[in-house]
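Each remark here refers to the structure printed beneath this line.
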Amino acid sequence: MKVKTRDRILDTSLTLFNVVGEPNVTTLLISDEMEISPGNLYYHFKSKGDIVGELFGRYEAELLDLLEVPSDVDISLEQLGIFLHLTFEAIARYRFLYQDLVNVLSRYDTLQKRFRAILKLKRRAFLTLCGSLRQQDVMAIDDHELDALCEQLTLTLSYWVSFELLSHLNNKDNVDLGRGVFQMINLITPYLTEDTAEQARLMAEDYL
């Protein structure tokens with residue numbers, strides 16, 4: 001099945017943004033990479049900002065789907081690990097947003113409110129997930145510690161890709177999602193009961 005030009009533009013732009021960095025990519029570079037005329041590109045997108053906005057919409061849809069955690073969920077450690085991995089995968093697919101987050105959002109101010117909403121959803125999801133573990137008596141944590149832990153989990157999830165990219169500046173495709181999951185499980189482990197903590201440590205090792 002032939003891919004539509006509009007979708008090809010988005011896919012090519014996403015690859016270039018991730019590899020080169022969004023500020024370094026022009027519409028001319030995108031059209032050259034695709035071997036189409038700039039006029040053909042402008043027929044579908046009037047500016048690079050329109051392309052960024054469309055890609056952000058895709059990212060937003062993926063994250064919203066993952067982060068809508070039911071308030072009455074009973075989650076297992078294995079399910080938590082899968083949730084973390086899938087969320088990291090979605091962020092890594094649109095990692096250009098996180099490579100220079102403040103700069104990108106300052107230039108596309110219409111995205112700022114939407115990104116802040118995603119941050120709030122990340123934190124709320126972690127409150128729900130950790131609350132489920134506490135409700136099942138496998139996590140011993142008070143409300144103050146829970147708030148601090150979920151803040152740290154949100155921070156780690158949001159900036160892990162940037163940390164990985166800084167560690168591999170010569171190879172921006174080398175984003176180790178497994179290490180991110182490992183780190184986040186280890187943030188939770190100290191609050192787990194003894195048997196569950198051992199299970200968490202073994203599970204975390206599987207992501208390395």
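Labels for the structure tokens follow display order: chains A, B, ..., residues from 1 in each chain, ligands from 1.
Residues lying within 9 Å of Thr154 of chain A, counting only C-alpha atoms and ignoring same-chain neighbours fewer than 5 positions away, are Leu119, Lys120, Lys122, Arg123, Phe126, Leu149 and Tyr159 of chain A.
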Can you write just those residues out, C-alpha atoms, as a short mmCIF file (atom, residue, chain, number, x, y, z; two decimals), in the first residue's frame?
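Output contents, as saved in again.cif:
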data_model
loop_
_atom_site.label_atom_id
_atom_site.label_comp_id
_atom_site.auth_asym_id
_atom_site.auth_seq_id
_atom_site.Cartn_x
_atom_site.Cartn_y
_atom_site.Cartn_z
CA LEU A 119 2.81 16.10 32.89
CA LYS A 120 -0.14 16.23 35.27
CA LYS A 122 1.87 11.30 34.28
CA ARG A 123 1.89 12.24 37.95
CA PHE A 126 1.79 7.19 39.17
CA LEU A 149 7.91 9.46 45.00
CA TYR A 159 13.94 13.49 31.42
#
With segment 80-91 of chain A as the partner and 9 Å as the cut-off, tabulate the residues of segment 136-207 of chain A that qualify, each row holding the nearest pair of atoms and their distance in Å to one decimal, using only C-alpha atoms, sorted by chain and rising number, as JSON lines.
{"residue": "A:Leu157", "atom": "CA", "partner": "A:Phe88", "partner_atom": "CA", "distance": 7.1}
{"residue": "A:Ser158", "atom": "CA", "partner": "A:Ile91", "partner_atom": "CA", "distance": 8.2}
{"residue": "A:Trp160", "atom": "CA", "partner": "A:Phe88", "partner_atom": "CA", "distance": 8.6}
{"residue": "A:Val161", "atom": "CA", "partner": "A:Ile91", "partner_atom": "CA", "distance": 7.8}
{"residue": "A:Leu177", "atom": "CA", "partner": "A:Phe88", "partner_atom": "CA", "distance": 6.2}
{"residue": "A:Gly178", "atom": "CA", "partner": "A:His85", "partner_atom": "CA", "distance": 7.3}
{"residue": "A:Gly180", "atom": "CA", "partner": "A:Phe88", "partner_atom": "CA", "distance": 7.7}
{"residue": "A:Val181", "atom": "CA", "partner": "A:Leu84", "partner_atom": "CA", "distance": 6.0}
{"residue": "A:Phe182", "atom": "CA", "partner": "A:Gly81", "partner_atom": "CA", "distance": 8.8}
{"residue": "A:Met184", "atom": "CA", "partner": "A:Leu84", "partner_atom": "CA", "distance": 8.1}
{"residue": "A:Ile185", "atom": "CA", "partner": "A:Gly81", "partner_atom": "CA", "distance": 7.5}
{"residue": "A:Met203", "atom": "CA", "partner": "A:Gly81", "partner_atom": "CA", "distance": 8.1}
{"residue": "A:Ala204", "atom": "CA", "partner": "A:Gly81", "partner_atom": "CA", "distance": 8.1}
{"residue": "A:Tyr207", "atom": "CA", "partner": "A:Gly81", "partner_atom": "CA", "distance": 8.9}
Keeping only N, CA and C atoms, write those residues as a PDB file, in the first residue's frame.
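Printed below is selection-v7.pdb as written:
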ATOM      1  N   LEU A 157      10.753   9.876  34.289  1.00  0.00           N
ATOM      2  CA  LEU A 157      10.120   9.514  33.021  1.00  0.00           C
ATOM      3  C   LEU A 157      10.274  10.625  31.988  1.00  0.00           C
ATOM      4  N   SER A 158      10.149  11.857  32.431  1.00  0.00           N
ATOM      5  CA  SER A 158      10.174  12.994  31.503  1.00  0.00           C
ATOM      6  C   SER A 158      11.568  13.334  31.003  1.00  0.00           C
ATOM      7  N   TRP A 160      14.444  11.098  31.236  1.00  0.00           N
ATOM      8  CA  TRP A 160      15.357   9.981  31.000  1.00  0.00           C
ATOM      9  C   TRP A 160      15.941  10.012  29.589  1.00  0.00           C
ATOM     10  N   VAL A 161      15.094  10.304  28.606  1.00  0.00           N
ATOM     11  CA  VAL A 161      15.571  10.338  27.223  1.00  0.00           C
ATOM     12  C   VAL A 161      16.663  11.379  27.063  1.00  0.00           C
ATOM     13  N   LEU A 177      15.971   2.170  26.744  1.00  0.00           N
ATOM     14  CA  LEU A 177      14.707   2.233  27.472  1.00  0.00           C
ATOM     15  C   LEU A 177      14.724   1.308  28.678  1.00  0.00           C
ATOM     16  N   GLY A 178      15.380   0.160  28.536  1.00  0.00           N
ATOM     17  CA  GLY A 178      15.427  -0.804  29.630  1.00  0.00           C
ATOM     18  C   GLY A 178      16.048  -0.223  30.885  1.00  0.00           C
ATOM     19  N   GLY A 180      16.000   2.810  31.756  1.00  0.00           N
ATOM     20  CA  GLY A 180      15.024   3.733  32.330  1.00  0.00           C
ATOM     21  C   GLY A 180      14.005   3.006  33.187  1.00  0.00           C
ATOM     22  N   VAL A 181      13.490   1.887  32.684  1.00  0.00           N
ATOM     23  CA  VAL A 181      12.550   1.078  33.457  1.00  0.00           C
ATOM     24  C   VAL A 181      13.223   0.566  34.724  1.00  0.00           C
ATOM     25  N   PHE A 182      14.472   0.094  34.591  1.00  0.00           N
ATOM     26  CA  PHE A 182      15.249  -0.392  35.741  1.00  0.00           C
ATOM     27  C   PHE A 182      15.340   0.688  36.824  1.00  0.00           C
ATOM     28  N   MET A 184      13.406   3.281  37.354  1.00  0.00           N
ATOM     29  CA  MET A 184      12.121   3.640  37.953  1.00  0.00           C
ATOM     30  C   MET A 184      11.618   2.553  38.898  1.00  0.00           C
ATOM     31  N   ILE A 185      11.834   1.296  38.540  1.00  0.00           N
ATOM     32  CA  ILE A 185      11.455   0.210  39.451  1.00  0.00           C
ATOM     33  C   ILE A 185      12.267   0.305  40.737  1.00  0.00           C
ATOM     34  N   MET A 203      12.832  -8.491  38.668  1.00  0.00           N
ATOM     35  CA  MET A 203      12.161  -8.008  37.468  1.00  0.00           C
ATOM     36  C   MET A 203      12.944  -6.861  36.833  1.00  0.00           C
ATOM     37  N   ALA A 204      13.457  -5.969  37.682  1.00  0.00           N
ATOM     38  CA  ALA A 204      14.218  -4.817  37.179  1.00  0.00           C
ATOM     39  C   ALA A 204      15.455  -5.287  36.407  1.00  0.00           C
ATOM     40  N   TYR A 207      15.246  -5.953  32.689  1.00  0.00           N
ATOM     41  CA  TYR A 207      15.159  -4.844  31.739  1.00  0.00           C
ATOM     42  C   TYR A 207      16.538  -4.310  31.332  1.00  0.00           C
TER      43      TYR A 207
END
Quiz item: Out of A:Pro38, A:Pro190, A:Gly131, A:Gly57, which residue has the shortest atom-to-atom distance to Asp74 of chain A when counting only C-alpha atoms?
Solution: A:Gly131
Quiz prompt | Residue set, segment 21-178 of chain A restricted to alpha helix (DSSP H), as a PyMOL selection string | solution = chain A and resi 27-34+38-44+48-67+77-93+96-99+101-107+112-135+143-167+177-178
Self-check item: All residues 10 Å or closer to Leu14 of chain A, only C-alpha atoms, same chain fewer than 6 positions away omitted, as a ChimeraX atom specification
Solution: /A:8,20-22,30,51-52,55,93-96
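When only C-alpha atoms are used to compute distances to Phe56 of chain A, the closest of the residues A:Ser31, A:Val3, A:Leu97, A:Ser76 turns out to be A:Leu97.
Nearest to Glu60 of chain A of all the residues A:Leu202, A:Leu111, A:Asp143, A:Ser167 is A:Leu111, counting only C-alpha atoms.
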Quiz item: In Å to one decimal, how far is atom CA of Glu145 of chain A from atom CA of Leu187 of chain A?
Solution: 11.8 Å
